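Visitor: The structure is given below, and queries will be raised subsequently.
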Amino acid sequence: NDSQFCKNFDEVLVNTETWKEKRNLLDYQVDGLVVKINDLNLNRGLGFIGKDPRGSVAIKFPAQEEITKLNDIGLNVGRTGVITPYAKLEPVEIGGVVVSQATLHNFDYIIDNDIRVGDKVMVKRAGDVIPNVIGPVIAARKGDEQPYSIPEYCPECQSRLQRVSGEVALYCINPSCPAQLIRNIEYFVSREAMDIIGLGIRTVEQLVAEKILTDVADLYQLKIEDLFHLEGFGRKKSENLVQAIENSKTRPLHRVITALGIKGVGEVMAVELAKEFSDLDKLSIADNVELQKIEGVGPNIADQIVSWFQE
């Protein structure tokens, strides 16, 4: 039995230590424990903060760590244009999973920790899910490791990168950057947004590369004839995708707002905005003062919403 009743929180902490030892004996992966109030009525009555229940709390185990070689540093372009560095690693097994890539967070993290290409680095699986480079093993250096130079240009469209005041991230601000378009569409069609079944990242990349999609709105102009000549597509698959896009037109307003990918506006905020504004046109002309009357919307998020619609 993988659940256990504890009379008080001291017992919870004792059992946590026991499970740290037992975790490697299980035939499945775990990254911690969930502690729940046993009284179901009380648990339900405590309600939620956003999407998080007040009647439950997660206790995470310490991450597992290994040492491997950093072969190179790659760059990802996000849907908002943020450039994120990642580590290309000599494959290493951590907690039963072979890891060959890991996050490096941001460029300041690389510089502050003096992480160099060719270094032996300590890698952990944060929450036993996302691999994360902790830092270099300085004692293992041979002298041929290469210090990292922060990029000046977008790896996808070669536009000059910019740093936003008050943020550590670098941004590609080219609205026509194909990598941003791919990520925007990928988010737009995702389950928590418009939930368009059959439109995975590889298909999105195909459609952008063929210039069939030049912005998100082009999805709703797609015809069967645009698709069935593509690799991996036949007439039936093309018909199914066009129908799935048509079905997405019935999604409620808060899902559409989520899908737009406005910075700072997630699923919970989208629900609040949809309660206040009956359609997208009304939201698009709302000003900062009007937006800040909504619970959870501060000046920064209000600015992001106004700027998004202006652009």
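By order in the structure tokens, chains are A, B, ...; within a chain, residues start at 1; ligands start at 1, following the order shown.
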Write down as a ChimeraX atom specification the residues of region 46-186 of chain A whose backbone DSSP state falls under strand (DSSP E or B).
Guide: /A:48-49,52-53,56-60,65-77,82-94,97-103,116-117,120-126,130-136,146-147,153,160,162-163,170-171
Visitor: Can you pull out every residue from region 114-234 of chain A that DSSP, working from the backbone, puts in helix (DSSP H, G or I), and format the result as an MDAnalysis selection string?
Guide: chainID A and resid 138:140 178:188 201:209 216:221 224:227
Visitor: If we count only C-alpha atoms, what is near Gly96 (chain A) at a cut-off of 10 Å, once residues fewer than 4 positions away on the same chain are taken out, given as a list in words?
Guide: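 Those residues are Asn24, Tyr28, Gln29 and Val92 of chain A.
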Visitor: With N, CA and C atoms retained, could you export that selection as a compact mmCIF listing (two decimals), in the first residue's frame?
Guide:
```txt
# COMPACT_ATOMS: atom_id res chain seq x y z
N ASN A 24 14.01 3.99 -4.36
CA ASN A 24 14.78 3.25 -5.37
C ASN A 24 14.40 1.78 -5.46
N TYR A 28 8.52 1.95 -10.18
CA TYR A 28 8.11 3.14 -10.93
C TYR A 28 8.84 4.34 -10.32
N GLN A 29 8.90 5.43 -11.12
CA GLN A 29 9.64 6.63 -10.69
C GLN A 29 8.77 7.52 -9.80
N VAL A 92 24.06 10.60 -20.07
CA VAL A 92 24.32 10.06 -18.74
C VAL A 92 22.99 9.59 -18.14
```
Visitor: What's around Glu295 (chain A) at 10 Å? Count only C-alpha atoms, leave out sequence neighbours fewer than 4 positions away in its own chain, and write the answer as a PyMOL selection string.
Guide: chain A and resi 269+272-273+291
Visitor: Which of these, A:Leu104, A:Ile73, A:Ile245, A:Leu33, has the shortest distance to Asp218 (chain A) once you count only C-alpha atoms?
Guide: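 That would be A:Ile245, the residue with the smallest distance to Asp218 (chain A).
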Visitor: Can you pull out every residue within 7 Å of Val123 (chain A), counting only C-alpha atoms, but drop anything in the same chain fewer than 4 positions away, and send it as a VMD selection string?
Guide: chain A and resid 65 to 67 131 to 134
Visitor: Please save C-alpha atoms of the selected residues as an mmCIF file, in the first residue's frame.
Guide:
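Full text of again00.cif as output:
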```cif
data_model
loop_
_atom_site.group_PDB
_atom_site.id
_atom_site.type_symbol
_atom_site.label_atom_id
_atom_site.label_comp_id
_atom_site.auth_asym_id
_atom_site.auth_seq_id
_atom_site.Cartn_x
_atom_site.Cartn_y
_atom_site.Cartn_z
ATOM 1 C CA GLU A 65 22.771 14.063 -9.460
ATOM 2 C CA GLU A 66 25.460 12.827 -11.856
ATOM 3 C CA ILE A 67 28.595 14.231 -13.550
ATOM 4 C CA PRO A 131 17.381 17.988 -16.168
ATOM 5 C CA ASN A 132 19.306 20.978 -14.841
ATOM 6 C CA VAL A 133 23.023 21.862 -14.926
ATOM 7 C CA ILE A 134 24.119 22.846 -11.412
#
```
Visitor: To one decimal place, how far is CA of Cys6 (chain A) from CA of Ala58 (chain A) in Å?
Guide: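 Here the two named atoms are 15.1 Å from each other.
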Visitor: Restricting the calculation to only C-alpha atoms, which member of A:Cys157, A:Ile59, A:Lys223, A:Ile37 is positioned closest to Leu13 (chain A)?
Guide: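 Closest to Leu13 (chain A) of all the choices is A:Ile59.
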Visitor: Can you list, as a PyMOL selection string, every protein, DNA or RNA residue that comes within 8 Å of Ser56 (chain A) when you count only C-alpha atoms, leaving out same-chain residues fewer than 5 positions away?
Guide: chain A and resi 34-37+43
Visitor: Mind writing the picked residues with all heavy atoms as a CSV table (one decimal), in the first residue's frame?
Guide:
```csv
chain,number,residue,atom,x,y,z
A,34,VAL,N,2.8,13.2,-1.7
A,34,VAL,CA,1.6,14.2,-1.6
A,34,VAL,C,1.0,14.0,-0.2
A,34,VAL,O,0.6,12.8,0.1
A,34,VAL,CB,0.6,14.1,-2.7
A,34,VAL,CG1,-0.6,15.0,-2.5
A,34,VAL,CG2,1.3,14.4,-4.1
A,35,VAL,N,0.9,15.0,0.6
A,35,VAL,CA,0.2,14.9,1.9
A,35,VAL,C,-1.2,15.6,1.8
A,35,VAL,O,-1.3,16.7,1.3
A,35,VAL,CB,1.0,15.7,3.0
A,35,VAL,CG1,0.4,15.5,4.3
A,35,VAL,CG2,2.5,15.1,3.0
A,36,LYS,N,-2.2,14.8,2.1
A,36,LYS,CA,-3.6,15.3,2.0
A,36,LYS,C,-4.3,15.3,3.4
A,36,LYS,O,-4.0,14.3,4.2
A,36,LYS,CB,-4.4,14.5,1.0
A,36,LYS,CG,-3.9,14.5,-0.4
A,36,LYS,CD,-4.8,13.7,-1.3
A,36,LYS,CE,-4.3,13.7,-2.7
A,36,LYS,NZ,-5.2,13.0,-3.6
A,37,ILE,N,-5.1,16.2,3.6
A,37,ILE,CA,-6.0,16.2,4.8
A,37,ILE,C,-7.0,15.0,4.6
A,37,ILE,O,-7.6,14.9,3.6
A,37,ILE,CB,-6.7,17.5,5.0
A,37,ILE,CG1,-5.7,18.6,5.4
A,37,ILE,CG2,-7.8,17.4,6.1
A,37,ILE,CD1,-6.3,20.0,5.6
A,43,ASN,N,-11.3,18.8,3.5
A,43,ASN,CA,-10.4,19.0,2.3
A,43,ASN,C,-11.1,19.8,1.2
A,43,ASN,O,-10.5,20.8,0.7
A,43,ASN,CB,-10.0,17.6,1.8
A,43,ASN,CG,-8.7,17.6,1.0
A,43,ASN,OD1,-8.6,18.6,0.2
A,43,ASN,ND2,-7.9,16.6,1.1
```
Visitor: CA of Val204 (chain A) and CA of Ile173 (chain A), how far apart in Å?
Guide: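 Answer for the CA of Ile173 (chain A) to CA of Val204 (chain A) separation: 21.1 Å.
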Visitor: Excluding Val121 (chain A) and its own-chain neighbours fewer than 5 positions away, which residues fall within 7 Å of it when counting only C-alpha atoms? Please give them as a compact mmCIF listing (two decimals) with N, CA, C and O atoms, in the first residue's frame.
Guide:
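So the final result, stored in around09.txt, reads:
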```txt
# COMPACT_ATOMS: atom_id res chain seq x y z
N ILE A 67 27.61 13.39 -12.86
CA ILE A 67 28.60 14.23 -13.55
C ILE A 67 28.75 13.73 -14.98
O ILE A 67 28.84 12.52 -15.23
N THR A 68 28.77 14.67 -15.95
CA THR A 68 29.00 14.31 -17.35
C THR A 68 29.65 15.49 -18.06
O THR A 68 29.86 16.56 -17.46
N LYS A 69 29.97 15.33 -19.34
CA LYS A 69 30.65 16.37 -20.09
C LYS A 69 29.67 17.26 -20.83
O LYS A 69 28.69 16.78 -21.42
N LEU A 70 29.91 18.57 -20.79
CA LEU A 70 29.14 19.55 -21.57
C LEU A 70 29.77 19.68 -22.95
O LEU A 70 30.84 20.29 -23.10
N VAL A 133 21.59 21.79 -15.20
CA VAL A 133 23.02 21.86 -14.93
C VAL A 133 23.24 22.72 -13.68
O VAL A 133 22.85 23.89 -13.64
N GLY A 135 26.38 23.21 -12.18
CA GLY A 135 27.60 24.00 -12.36
C GLY A 135 28.76 23.11 -12.77
O GLY A 135 28.64 21.88 -12.84
N PRO A 136 29.93 23.71 -13.05
CA PRO A 136 31.10 22.95 -13.50
C PRO A 136 31.83 22.28 -12.34
O PRO A 136 31.75 22.73 -11.20
N VAL A 137 32.54 21.20 -12.69
CA VAL A 137 33.45 20.57 -11.73
C VAL A 137 34.83 21.16 -12.02
O VAL A 137 35.55 20.70 -12.91
```
Visitor: Out of A:Thr214, A:Ser190, A:Asn174, A:Asn240, which residue has the shortest atom-to-atom distance to Glu156 (chain A) when counting only C-alpha atoms?
Guide: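 The closest residue to Glu156 (chain A) is A:Asn174.
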Visitor: Looking at A:Ile301, A:Leu253, A:Val216, A:Leu230, which one is nearest to Asp281 (chain A), with distances taken over only C-alpha atoms?
Guide: A:Leu253
Visitor: When you draw a straight line from CA of Val306 (chain A) to CA of Lys249 (chain A), how long is it in Å?
Guide: 24.2 Å
